[in-house]
$ cat work_24.txt   # compact mmCIF, C-alpha atoms and all ligand atoms
# COMPACT_ATOMS: atom_id res chain seq x y z
CA MET A 1 42.31 -21.13 -5.21
CA ALA A 2 40.62 -24.14 -3.64
CA LEU A 3 40.10 -25.19 -0.05
CA LYS A 4 41.60 -28.68 0.18
CA ASP A 5 41.70 -29.52 3.89
CA PHE A 6 40.06 -28.21 7.01
CA LYS A 7 41.05 -29.43 10.47
CA ILE A 8 39.20 -28.34 13.57
CA SER A 9 39.74 -29.27 17.17
CA GLY A 10 38.35 -28.12 20.49
CA TYR A 11 35.54 -26.08 18.92
CA ARG A 12 32.09 -26.77 20.44
CA SER A 13 31.09 -30.37 19.64
CA ILE A 14 34.09 -30.78 17.34
CA ARG A 15 36.79 -32.37 19.42
CA ASP A 16 38.90 -33.33 16.44
CA VAL A 17 37.74 -33.48 12.82
CA TRP A 18 39.69 -33.41 9.58
CA LEU A 19 37.79 -32.76 6.35
CA LYS A 20 39.17 -33.36 2.86
CA LEU A 21 37.25 -31.05 0.57
CA LYS A 22 36.07 -31.27 -3.02
CA GLN A 23 34.46 -28.83 -5.46
CA ILE A 24 31.01 -29.50 -3.94
CA ASN A 25 30.81 -30.40 -0.25
CA MET A 26 27.40 -31.43 1.03
CA ILE A 27 27.60 -31.85 4.80
CA VAL A 28 24.70 -33.89 6.17
CA GLY A 29 23.77 -35.20 9.59
CA PRO A 30 20.94 -35.38 12.10
CA ASN A 31 19.93 -32.55 14.45
CA GLY A 32 22.69 -31.60 16.84
CA SER A 33 25.37 -33.60 14.97
CA GLY A 34 27.50 -30.48 14.46
CA LYS A 35 26.74 -29.30 10.92
CA SER A 36 26.33 -25.66 11.93
CA ASN A 37 29.34 -25.92 14.23
CA LEU A 38 31.50 -26.97 11.28
CA TYR A 39 30.10 -24.15 9.19
CA ARG A 40 30.75 -21.65 12.00
CA ALA A 41 34.30 -22.94 12.44
CA LEU A 42 35.04 -22.22 8.79
CA TYR A 43 33.34 -18.83 9.03
CA LEU A 44 35.45 -17.92 12.10
CA THR A 45 38.64 -18.92 10.28
CA SER A 46 37.72 -16.61 7.42
CA CYS A 47 36.92 -13.85 9.95
CA ALA A 48 40.59 -13.83 10.89
CA ALA A 49 41.35 -12.20 7.53
CA ALA A 50 38.51 -9.72 7.75
CA GLY A 51 39.37 -8.57 11.30
CA ARG A 52 36.16 -9.90 12.82
CA LEU A 53 37.49 -12.95 14.66
CA ALA A 54 37.20 -11.68 18.23
CA SER A 55 33.87 -9.90 17.70
CA SER A 56 32.34 -12.98 15.99
CA ILE A 57 33.46 -15.22 18.87
CA VAL A 58 32.03 -12.86 21.44
CA GLU A 59 28.76 -12.64 19.45
CA GLU A 60 28.40 -16.40 19.60
CA GLY A 61 28.89 -16.54 23.36
CA GLY A 62 32.62 -16.01 23.95
CA MET A 63 35.52 -18.39 24.52
CA GLU A 64 33.90 -20.28 27.39
CA SER A 65 30.95 -21.13 25.17
CA ILE A 66 32.95 -22.24 22.13
CA LEU A 67 35.63 -24.38 23.79
CA TRP A 68 34.92 -28.13 23.61
CA ALA A 69 33.05 -28.85 26.86
CA GLY A 70 33.30 -32.66 26.74
CA ALA A 71 35.86 -35.11 28.06
CA ARG A 72 39.59 -34.42 27.62
CA SER A 73 42.25 -37.11 27.63
CA ARG A 74 45.08 -37.12 30.18
CA LYS A 75 47.45 -35.92 27.44
CA GLU A 76 45.07 -33.09 26.52
CA MET A 77 44.77 -32.11 30.20
CA GLU A 78 48.50 -31.40 30.28
CA HIS A 79 47.84 -28.44 27.97
CA ALA A 80 45.60 -25.40 28.28
CA PRO A 81 42.37 -25.84 26.27
CA ARG A 82 42.57 -24.52 22.75
CA VAL A 83 40.29 -24.00 19.78
CA ARG A 84 42.34 -24.91 16.70
CA PHE A 85 41.55 -24.27 13.06
CA SER A 86 43.81 -25.27 10.20
CA ILE A 87 43.05 -24.83 6.53
CA ARG A 88 44.93 -25.83 3.42
CA VAL A 89 44.18 -23.58 0.45
CA ASN A 90 46.11 -24.79 -2.59
CA ASP A 91 49.79 -24.50 -1.64
CA TYR A 92 49.19 -22.67 1.64
CA GLU A 93 48.40 -23.85 5.14
CA TYR A 94 47.04 -21.42 7.71
CA ASN A 95 46.81 -22.39 11.39
CA LEU A 96 45.14 -20.63 14.27
CA ALA A 97 45.06 -21.63 17.95
CA LEU A 98 42.89 -19.65 20.34
CA GLY A 99 42.97 -19.65 24.13
CA ARG A 100 41.19 -18.03 27.04
CA ALA A 101 42.19 -14.68 28.47
CA ASP A 102 41.20 -15.50 32.08
CA ASP A 103 44.69 -15.38 33.54
CA ILE A 104 45.89 -12.15 32.04
CA ARG A 105 42.88 -9.89 31.49
CA PRO A 106 40.30 -8.26 33.77
CA PRO A 107 36.99 -10.22 33.93
CA PHE A 108 35.36 -7.75 31.52
CA PHE A 109 37.45 -9.29 28.68
CA HIS A 110 37.16 -12.99 29.58
CA ASP A 111 34.92 -13.82 26.59
CA ASP A 112 37.58 -12.48 24.25
CA PRO A 113 39.91 -14.97 22.50
CA LEU A 114 43.69 -14.75 22.71
CA ILE A 115 45.47 -15.72 19.52
CA LYS A 116 48.16 -18.11 20.76
CA VAL A 117 49.31 -19.43 17.38
CA GLU A 118 48.95 -17.99 13.91
CA ASP A 119 51.07 -19.60 11.20
CA LEU A 120 51.13 -19.52 7.44
CA PHE A 121 53.17 -22.04 5.44
CA ARG A 122 53.79 -22.46 1.73
CA ILE A 123 53.93 -26.15 0.86
CA LYS A 124 55.39 -26.99 -2.53
CA ASN A 125 56.89 -30.26 -3.77
CA GLY A 126 56.86 -31.58 -0.20
CA HIS A 127 58.85 -28.55 0.98
CA ARG A 128 57.38 -26.42 3.78
CA THR A 129 58.32 -22.74 4.00
CA THR A 130 57.25 -20.64 6.97
CA LEU A 131 55.80 -17.32 5.84
CA LEU A 132 54.36 -16.30 9.20
CA ARG A 133 55.03 -17.57 12.70
CA ARG A 134 53.24 -16.22 15.71
CA ARG A 135 53.35 -17.33 19.33
CA ASN A 136 51.24 -14.91 21.36
CA LEU A 137 52.67 -11.52 20.42
CA ARG A 138 56.05 -12.85 19.24
CA ILE A 139 55.63 -12.62 15.49
CA SER A 140 57.99 -13.10 12.59
CA ALA A 141 57.20 -12.99 8.88
CA LYS A 142 58.98 -13.56 5.60
CA ASP A 143 59.25 -10.39 3.56
CA ALA A 144 59.34 -9.90 -0.23
CA LYS A 145 63.13 -10.49 -0.27
CA GLY A 146 62.71 -13.83 1.46
CA ASN A 147 64.11 -12.65 4.82
CA ASP A 148 62.49 -13.65 8.11
CA SER A 149 62.15 -10.64 10.32
CA GLU A 150 60.31 -9.59 13.42
CA TYR A 151 56.89 -8.22 12.61
CA THR A 152 56.93 -4.84 14.24
CA LEU A 153 53.43 -3.47 13.68
CA ARG A 154 51.68 -2.99 17.01
CA MET A 155 48.76 -5.31 17.44
CA SER A 156 46.48 -6.65 20.10
CA ASP A 157 46.51 -10.29 21.23
CA ASN A 158 42.96 -10.85 19.93
CA GLU A 159 43.77 -9.56 16.43
CA SER A 160 45.09 -11.71 13.63
CA VAL A 161 48.23 -10.67 11.77
CA LEU A 162 46.31 -11.20 8.52
CA SER A 163 43.67 -8.63 9.44
CA GLY A 164 46.26 -6.03 10.40
CA LEU A 165 48.39 -6.27 7.24
CA ARG A 166 49.15 -2.83 5.88
CA GLU A 167 52.26 -3.41 3.74
CA PRO A 168 51.37 -5.39 0.60
CA LEU A 169 54.76 -4.68 -0.97
CA THR A 170 56.68 -5.96 2.04
CA TYR A 171 54.52 -9.06 2.59
CA PRO A 172 53.10 -9.95 -0.85
CA GLU A 173 52.30 -13.61 -0.11
CA LEU A 174 50.57 -12.87 3.20
CA THR A 175 48.58 -10.15 1.46
CA MET A 176 47.63 -12.42 -1.43
CA PHE A 177 46.48 -15.14 0.98
CA ARG A 178 44.40 -12.61 2.92
CA GLN A 179 42.79 -11.35 -0.29
CA GLU A 180 41.76 -14.89 -1.15
CA PHE A 181 39.95 -15.21 2.17
CA LEU A 182 38.19 -11.86 1.81
CA ASP A 183 36.54 -13.15 -1.35
CA TRP A 184 34.88 -16.09 0.46
CA ARG A 185 31.14 -15.75 0.96
CA PHE A 186 28.94 -17.13 3.74
CA TYR A 187 25.14 -17.29 4.00
CA HIS A 188 24.17 -18.42 7.47
CA HIS A 189 20.46 -17.70 7.64
CA PHE A 190 17.86 -15.80 5.63
CA ARG A 191 15.17 -14.31 7.83
CA THR A 192 11.80 -14.93 6.23
CA ASP A 193 9.51 -14.08 9.19
CA GLN A 194 6.91 -11.32 8.79
CA GLU A 195 9.11 -8.66 10.45
CA SER A 196 12.18 -9.53 8.38
CA PRO A 197 13.99 -6.63 6.63
CA LEU A 198 13.86 -8.81 3.49
CA ARG A 199 10.15 -8.11 3.25
CA ARG A 200 10.48 -4.30 3.40
CA PRO A 201 11.18 -1.85 0.54
CA GLN A 202 14.89 -1.70 -0.21
CA ARG A 203 17.40 0.57 -1.92
CA SER A 204 17.67 0.60 -5.69
CA LEU A 205 21.41 0.08 -5.80
CA MET A 206 23.53 -2.11 -8.07
CA THR A 207 24.29 -5.11 -5.81
CA PRO A 208 26.41 -7.86 -7.40
CA ILE A 209 27.00 -9.48 -3.97
CA MET A 210 24.01 -10.02 -1.67
CA ALA A 211 24.62 -9.37 2.06
CA HIS A 212 25.27 -12.42 4.26
CA ASN A 213 21.72 -12.29 5.69
CA GLY A 214 19.95 -11.44 2.42
CA LYS A 215 18.77 -8.03 3.65
CA ASP A 216 19.41 -6.55 0.19
CA LEU A 217 17.67 -9.37 -1.70
CA VAL A 218 15.64 -7.04 -3.95
CA PRO A 219 18.58 -5.01 -5.39
CA ALA A 220 20.64 -8.24 -5.61
CA LEU A 221 17.92 -9.88 -7.72
CA ALA A 222 17.42 -6.69 -9.74
CA THR A 223 21.15 -6.74 -10.56
CA ILE A 224 20.76 -10.28 -11.94
CA ILE A 225 17.46 -9.59 -13.75
CA TYR A 226 18.77 -6.40 -15.44
CA SER A 227 22.13 -8.00 -16.32
CA SER A 228 23.07 -8.73 -19.92
CA ASN A 229 22.19 -12.39 -19.39
CA PRO A 230 19.18 -13.03 -17.13
CA THR A 231 18.42 -16.37 -18.84
CA LYS A 232 19.92 -18.50 -16.06
CA PHE A 233 17.71 -16.74 -13.53
CA LEU A 234 14.57 -17.03 -15.68
CA ASN A 235 15.20 -20.75 -16.31
CA ALA A 236 15.86 -21.44 -12.62
CA LEU A 237 12.71 -19.52 -11.64
CA GLU A 238 10.63 -21.47 -14.16
CA GLU A 239 11.98 -24.76 -12.89
CA ALA A 240 11.15 -23.94 -9.26
CA PHE A 241 7.86 -22.05 -9.78
CA PRO A 242 6.46 -22.98 -13.21
CA GLY A 243 4.62 -20.10 -14.88
CA ALA A 244 5.58 -17.55 -12.19
CA GLU A 245 6.89 -14.10 -13.11
CA VAL A 246 9.13 -11.80 -11.08
CA SER A 247 9.48 -8.04 -11.56
CA ILE A 248 11.05 -5.20 -9.62
CA GLN A 249 9.36 -1.86 -8.98
CA THR A 250 10.71 1.31 -7.48
CA LYS A 251 9.32 4.78 -6.79
CA GLY A 252 12.51 6.26 -5.36
CA PRO A 253 15.97 5.34 -4.03
CA ALA A 254 14.73 3.40 -0.96
CA SER A 255 11.48 1.93 -2.22
CA ALA A 256 12.44 -1.04 -4.41
CA THR A 257 10.04 -3.96 -4.05
CA LEU A 258 9.87 -7.32 -5.72
CA LYS A 259 6.58 -8.39 -7.26
CA MET A 260 5.67 -11.97 -8.05
CA LYS A 261 2.78 -13.27 -10.13
CA PHE A 262 1.66 -16.90 -10.10
CA PRO A 263 -0.35 -18.62 -12.85
CA GLY A 264 -4.11 -18.70 -12.29
CA VAL A 265 -4.06 -15.85 -9.72
CA SER A 266 -4.76 -12.29 -10.87
CA LYS A 267 -3.34 -10.65 -7.75
CA ILE A 268 0.34 -9.62 -7.88
CA PHE A 269 2.16 -10.28 -4.60
CA ASP A 270 5.01 -8.26 -3.16
CA THR A 271 7.76 -9.51 -0.84
CA SER A 272 5.72 -8.79 2.30
CA GLU A 273 3.09 -11.30 1.11
CA LEU A 274 5.25 -14.15 -0.21
CA SER A 275 5.43 -17.46 1.64
CA ASP A 276 8.53 -18.21 3.74
CA GLY A 277 9.67 -20.94 1.34
CA THR A 278 9.25 -18.72 -1.75
CA LEU A 279 11.28 -15.95 -0.13
CA GLN A 280 13.93 -18.45 0.96
CA TYR A 281 14.22 -19.77 -2.60
CA LEU A 282 14.53 -16.24 -4.03
CA CYS A 283 17.43 -15.67 -1.61
CA LEU A 284 19.06 -18.89 -2.82
CA LEU A 285 18.66 -17.75 -6.44
CA ALA A 286 20.37 -14.45 -5.60
CA ALA A 287 23.18 -16.23 -3.72
CA LEU A 288 23.83 -18.97 -6.28
CA LEU A 289 23.37 -16.88 -9.45
CA SER A 290 25.42 -13.90 -8.26
CA GLU A 291 26.78 -11.68 -11.00
CA ARG A 292 30.13 -11.87 -9.21
CA PRO A 293 30.60 -15.48 -8.07
CA PRO A 294 33.12 -15.97 -5.25
CA ALA A 295 35.95 -18.53 -5.21
CA PHE A 296 34.26 -20.15 -2.22
CA LEU A 297 30.59 -20.09 -1.23
CA ALA A 298 29.13 -21.59 1.96
CA ILE A 299 25.40 -21.85 2.67
CA ASN A 300 24.04 -23.15 5.96
CA GLU A 301 20.85 -25.25 5.74
CA PRO A 302 19.50 -23.84 2.45
CA GLU A 303 16.52 -26.23 2.52
CA THR A 304 14.91 -24.33 5.45
CA SER A 305 11.16 -23.83 4.71
CA LEU A 306 11.43 -25.49 1.27
CA HIS A 307 9.04 -28.19 0.08
CA PRO A 308 10.96 -31.35 -0.93
CA ARG A 309 9.78 -30.77 -4.53
CA LEU A 310 12.28 -27.89 -4.66
CA TYR A 311 15.25 -30.05 -3.66
CA GLU A 312 15.98 -31.20 -7.20
CA PRO A 313 15.91 -27.67 -8.74
CA LEU A 314 18.04 -26.48 -5.80
CA ALA A 315 20.53 -29.28 -6.41
CA ARG A 316 20.78 -28.19 -10.06
CA LEU A 317 21.43 -24.58 -8.95
CA ILE A 318 24.18 -25.83 -6.63
CA VAL A 319 25.77 -27.95 -9.35
CA ASN A 320 25.70 -25.07 -11.86
CA ALA A 321 27.19 -22.65 -9.31
CA SER A 322 30.02 -25.12 -8.66
CA HIS A 323 31.40 -24.40 -12.15
CA GLN A 324 32.52 -21.02 -10.80
CA SER A 325 32.74 -21.49 -7.03
CA GLN A 326 33.77 -24.19 -4.61
CA LEU A 327 30.67 -24.94 -2.53
CA TRP A 328 30.07 -25.89 1.09
CA ILE A 329 26.45 -26.72 1.89
CA THR A 330 25.35 -27.91 5.33
CA THR A 331 21.98 -29.58 5.17
CA HIS A 332 19.50 -31.78 7.06
CA SER A 333 18.31 -33.15 3.77
CA GLN A 334 19.82 -36.43 2.63
CA GLU A 335 17.52 -36.10 -0.38
CA LEU A 336 19.17 -32.82 -1.46
CA ALA A 337 22.60 -34.39 -1.01
CA ASP A 338 21.48 -37.47 -3.01
CA HIS A 339 20.35 -35.28 -5.93
CA VAL A 340 23.80 -33.63 -5.99
CA LEU A 341 25.42 -37.08 -5.82
CA ASP A 342 23.30 -38.30 -8.77
CA MET A 343 24.14 -35.20 -10.83
CA THR A 344 27.88 -35.07 -10.10
CA GLY A 345 29.18 -38.14 -8.28
CA TYR A 346 30.20 -36.03 -5.26
CA SER A 347 29.15 -38.00 -2.19
CA PRO A 348 28.22 -36.10 0.97
CA LEU A 349 30.30 -35.80 4.12
CA GLU A 350 28.12 -37.46 6.76
CA LEU A 351 28.31 -36.39 10.39
CA GLU A 352 27.24 -38.23 13.51
CA LYS A 353 27.50 -37.42 17.18
CA ILE A 354 29.07 -40.00 19.48
CA ASP A 355 29.58 -39.29 23.20
CA GLY A 356 28.79 -35.62 22.55
CA GLU A 357 31.47 -35.45 19.86
CA THR A 358 30.97 -34.67 16.17
CA ARG A 359 32.53 -37.37 14.00
CA LEU A 360 32.77 -38.00 10.30
CA LYS A 361 30.92 -41.21 9.51
CA GLY A 362 33.23 -43.95 8.35
CA VAL A 363 36.34 -42.39 9.93
CA ARG A 364 37.68 -44.18 12.99
CA LEU A 365 38.58 -42.09 16.01
CA GLY A 366 42.24 -41.15 15.85
CA GLU A 367 42.54 -41.91 12.15
CA HIS A 368 42.59 -38.24 11.28
CA ASN A 369 43.88 -37.05 14.59
CA SER A 370 45.61 -33.70 14.33
CA LYS A 371 47.50 -34.30 17.55
CA GLU A 372 50.71 -32.80 16.23
CA TYR A 373 49.27 -29.48 17.40
CA LEU A 374 49.28 -30.67 20.99
CA ASP A 375 53.03 -30.99 20.93
CA GLU A 376 53.46 -27.46 19.62
CA ASP A 377 54.74 -24.91 22.13
CA ASP A 378 52.25 -22.11 21.81
CA GLY A 379 53.00 -19.86 24.72
CA GLU A 380 53.69 -19.61 28.43
CA ASP A 381 50.47 -21.08 29.77
CA THR A 382 50.44 -24.53 28.15
N1 LIG A 401 31.19 -25.89 23.89
C1 LIG A 401 30.60 -27.02 23.47
N2 LIG A 401 31.15 -28.22 23.76
C2 LIG A 401 30.59 -29.38 23.35
N3 LIG A 401 29.46 -29.42 22.60
C3 LIG A 401 28.88 -28.26 22.27
C4 LIG A 401 29.41 -27.00 22.67
N4 LIG A 401 28.61 -26.02 22.20
C5 LIG A 401 27.61 -26.64 21.52
N5 LIG A 401 27.77 -27.99 21.56
C6 LIG A 401 26.91 -29.01 20.95
O1 LIG A 401 26.74 -28.74 19.60
C7 LIG A 401 25.44 -29.20 19.23
C8 LIG A 401 24.84 -28.30 18.17
O2 LIG A 401 25.55 -28.49 17.01
P1 LIG A 401 25.02 -27.83 15.67
O3 LIG A 401 24.22 -26.61 15.95
O4 LIG A 401 26.20 -27.70 14.78
O5 LIG A 401 24.09 -28.99 15.14
P2 LIG A 401 23.39 -29.14 13.73
O6 LIG A 401 23.91 -30.42 13.16
O7 LIG A 401 23.55 -27.91 12.94
O8 LIG A 401 21.90 -29.34 14.21
P3 LIG A 401 20.53 -28.87 13.53
O9 LIG A 401 20.27 -29.88 12.46
O10 LIG A 401 19.55 -28.99 14.63
O11 LIG A 401 20.69 -27.48 13.01
C9 LIG A 401 24.56 -29.10 20.45
O12 LIG A 401 23.84 -30.32 20.53
C10 LIG A 401 25.51 -29.00 21.59
O13 LIG A 401 25.43 -30.18 22.34
MG MG A 402 22.25 -26.37 12.37
$ encode --input "work_24.txt" --output "structure tokens"
Amino acid sequence: MALKDFKISGYRSIRDVWLKLKQINMIVGPNGSGKSNLYRALYLTSCAAAGRLASSIVEEGGMESILWAGARSRKEMEHAPRVRFSIRVNDYEYNLALGRADDIRPPFFHDDPLIKVEDLFRIKNGHRTTLLRRRNLRISAKDAKGNDSEYTLRMSDNESVLSGLREPLTYPELTMFRQEFLDWRFYHHFRTDQESPLRRPQRSLMTPIMAHNGKDLVPALATIIYSSNPTKFLNALEEAFPGAEVSIQTKGPASATLKMKFPGVSKIFDTSELSDGTLQYLCLLAALLSERPPAFLAINEPETSLHPRLYEPLARLIVNASHQSQLWITTHSQELADHVLDMTGYSPLELEKIDGETRLKGVRLGEHNSKEYLDEDDGEDT
């Protein structure tokens, strides 16, 4: 399945943005323009399926921190503030609206989001079928026989229906949509500092999918290197670090280390001694050459610590990975985005910040306005 559209409103610097997505999406913009905010918005939407929505929001500062803090129009002021995410994945549209819990919960829970709206539609031949409709805790869903019925499973108002699904036979389409989401992969940041767990000995465990923070880089690379076809990895390594060799050593189940040898230097380095940029690139190799590529792969600022000479090899890795996965790459580097454009014709989505608000360059304010949400009745406190 492919992510076609992503609409966000009221989330941090994103007052109202509508993205039309392609197979490769390079999102560029200056510091503070909202690249990471967009990435986080997509990550949070996917968290709804995995059951981590509320905890992820609290980890990033809670509802007060994530709600758009800039100006609101008179029309917007008539409604309670909301964070709204809407995605279109092939023939399905999934909408979430989140509000504050201030009025109904003790102060201890005020950072927690309340799910005010959660809808899933099937859209085929211009026809829109409601598969899930939620307004606060009033929930109805279409079952396998095509009947709309009240969804009776007990759930909390900060939990998504998707994450709580337990009856795949009763709700096959909801379950299938959730499964799609669970396959999405996000890499936010690889820690390359001296104390990073990436630099320590790791477990010798088959790892076709590297963890979101790269903490199992060594077994993830070992899984690629010892696969039946390590050629892609060896070619990509040669292109980035000509003449370098990588090997994996282990003396027991939790002592796997990666060794790297560079031409002209007799010493063999292990992960604790590699430069930040080299370690970052090894993480990118493991993410983009995964033995089990996901349907959708997002990487935030992959160029961190990399010398510009590595941008072209990285662009090639991205382009090759796009044959199996739809890609979302947020980057400071126009040069990286230009390499991808030259190789594929996919032009980047350029962000700018105007009056504190993230905007897509070349899109006039209001042109992609998702204001239909504002008219939606989403609960008692609008
Ligand atoms: N609740 C909020 N309301 C409005 N703006 C916010 C809110 N929270 C954060 N911001 C703005 O979002 C901006 C940060 O956006 P983000 O981290 O996405 O930028 P970026 O493009 O990734 O920048 P960098 O290139 O430095 O990583 C900050 O400048 C801040 O002003
Ligand atoms: Mg950023």
$ closest_residue --input "work_24.txt" --among "A:Leu341, A:Leu285, A:Leu297, A:Ile139" --to "Ile329 of chain A" --atoms "all atoms listed in the file"
A:Leu297
$ closest_residue --input "work_24.txt" --among "A:Ala244, A:Ile299, A:Met176, A:Val89" --to "Phe269 of chain A" --atoms "only C-alpha atoms"
A:Ala244
$ residues_near_ligand --input "work_24.txt" --ligand "ligand LIG 401 (chain A)" --cutoff "9 Å" --atoms "all atoms listed in the file" --output "ChimeraX atom specification"
/A:10-15,28-40,63-70,300-301,330-332,351-353,356-358
$ atom_distance --input "work_24.txt" --atom1 "atom CA of Gln23 of chain A" --atom2 "atom CA of Asp119 of chain A"
25.3 Å
$ residues_near_point --input "work_24.txt" --point "(15.8, -4.0, 6.1)" --cutoff "10 Å" --atoms "all atoms listed in the file" --output "PyMOL selection string"
chain A and resi 195-203+214-217
$ closest_residue --input "work_24.txt" --among "A:Ile27, A:Gly264, A:Pro113, A:Pro242" --to "ligand MG 402 (chain A)" --atoms "only C-alpha atoms and all ligand atoms"
A:Ile27
$ atom_distance --input "work_24.txt" --atom1 "atom CA of His79 of chain A" --atom2 "atom CA of Ser9 of chain A"
13.5 Å
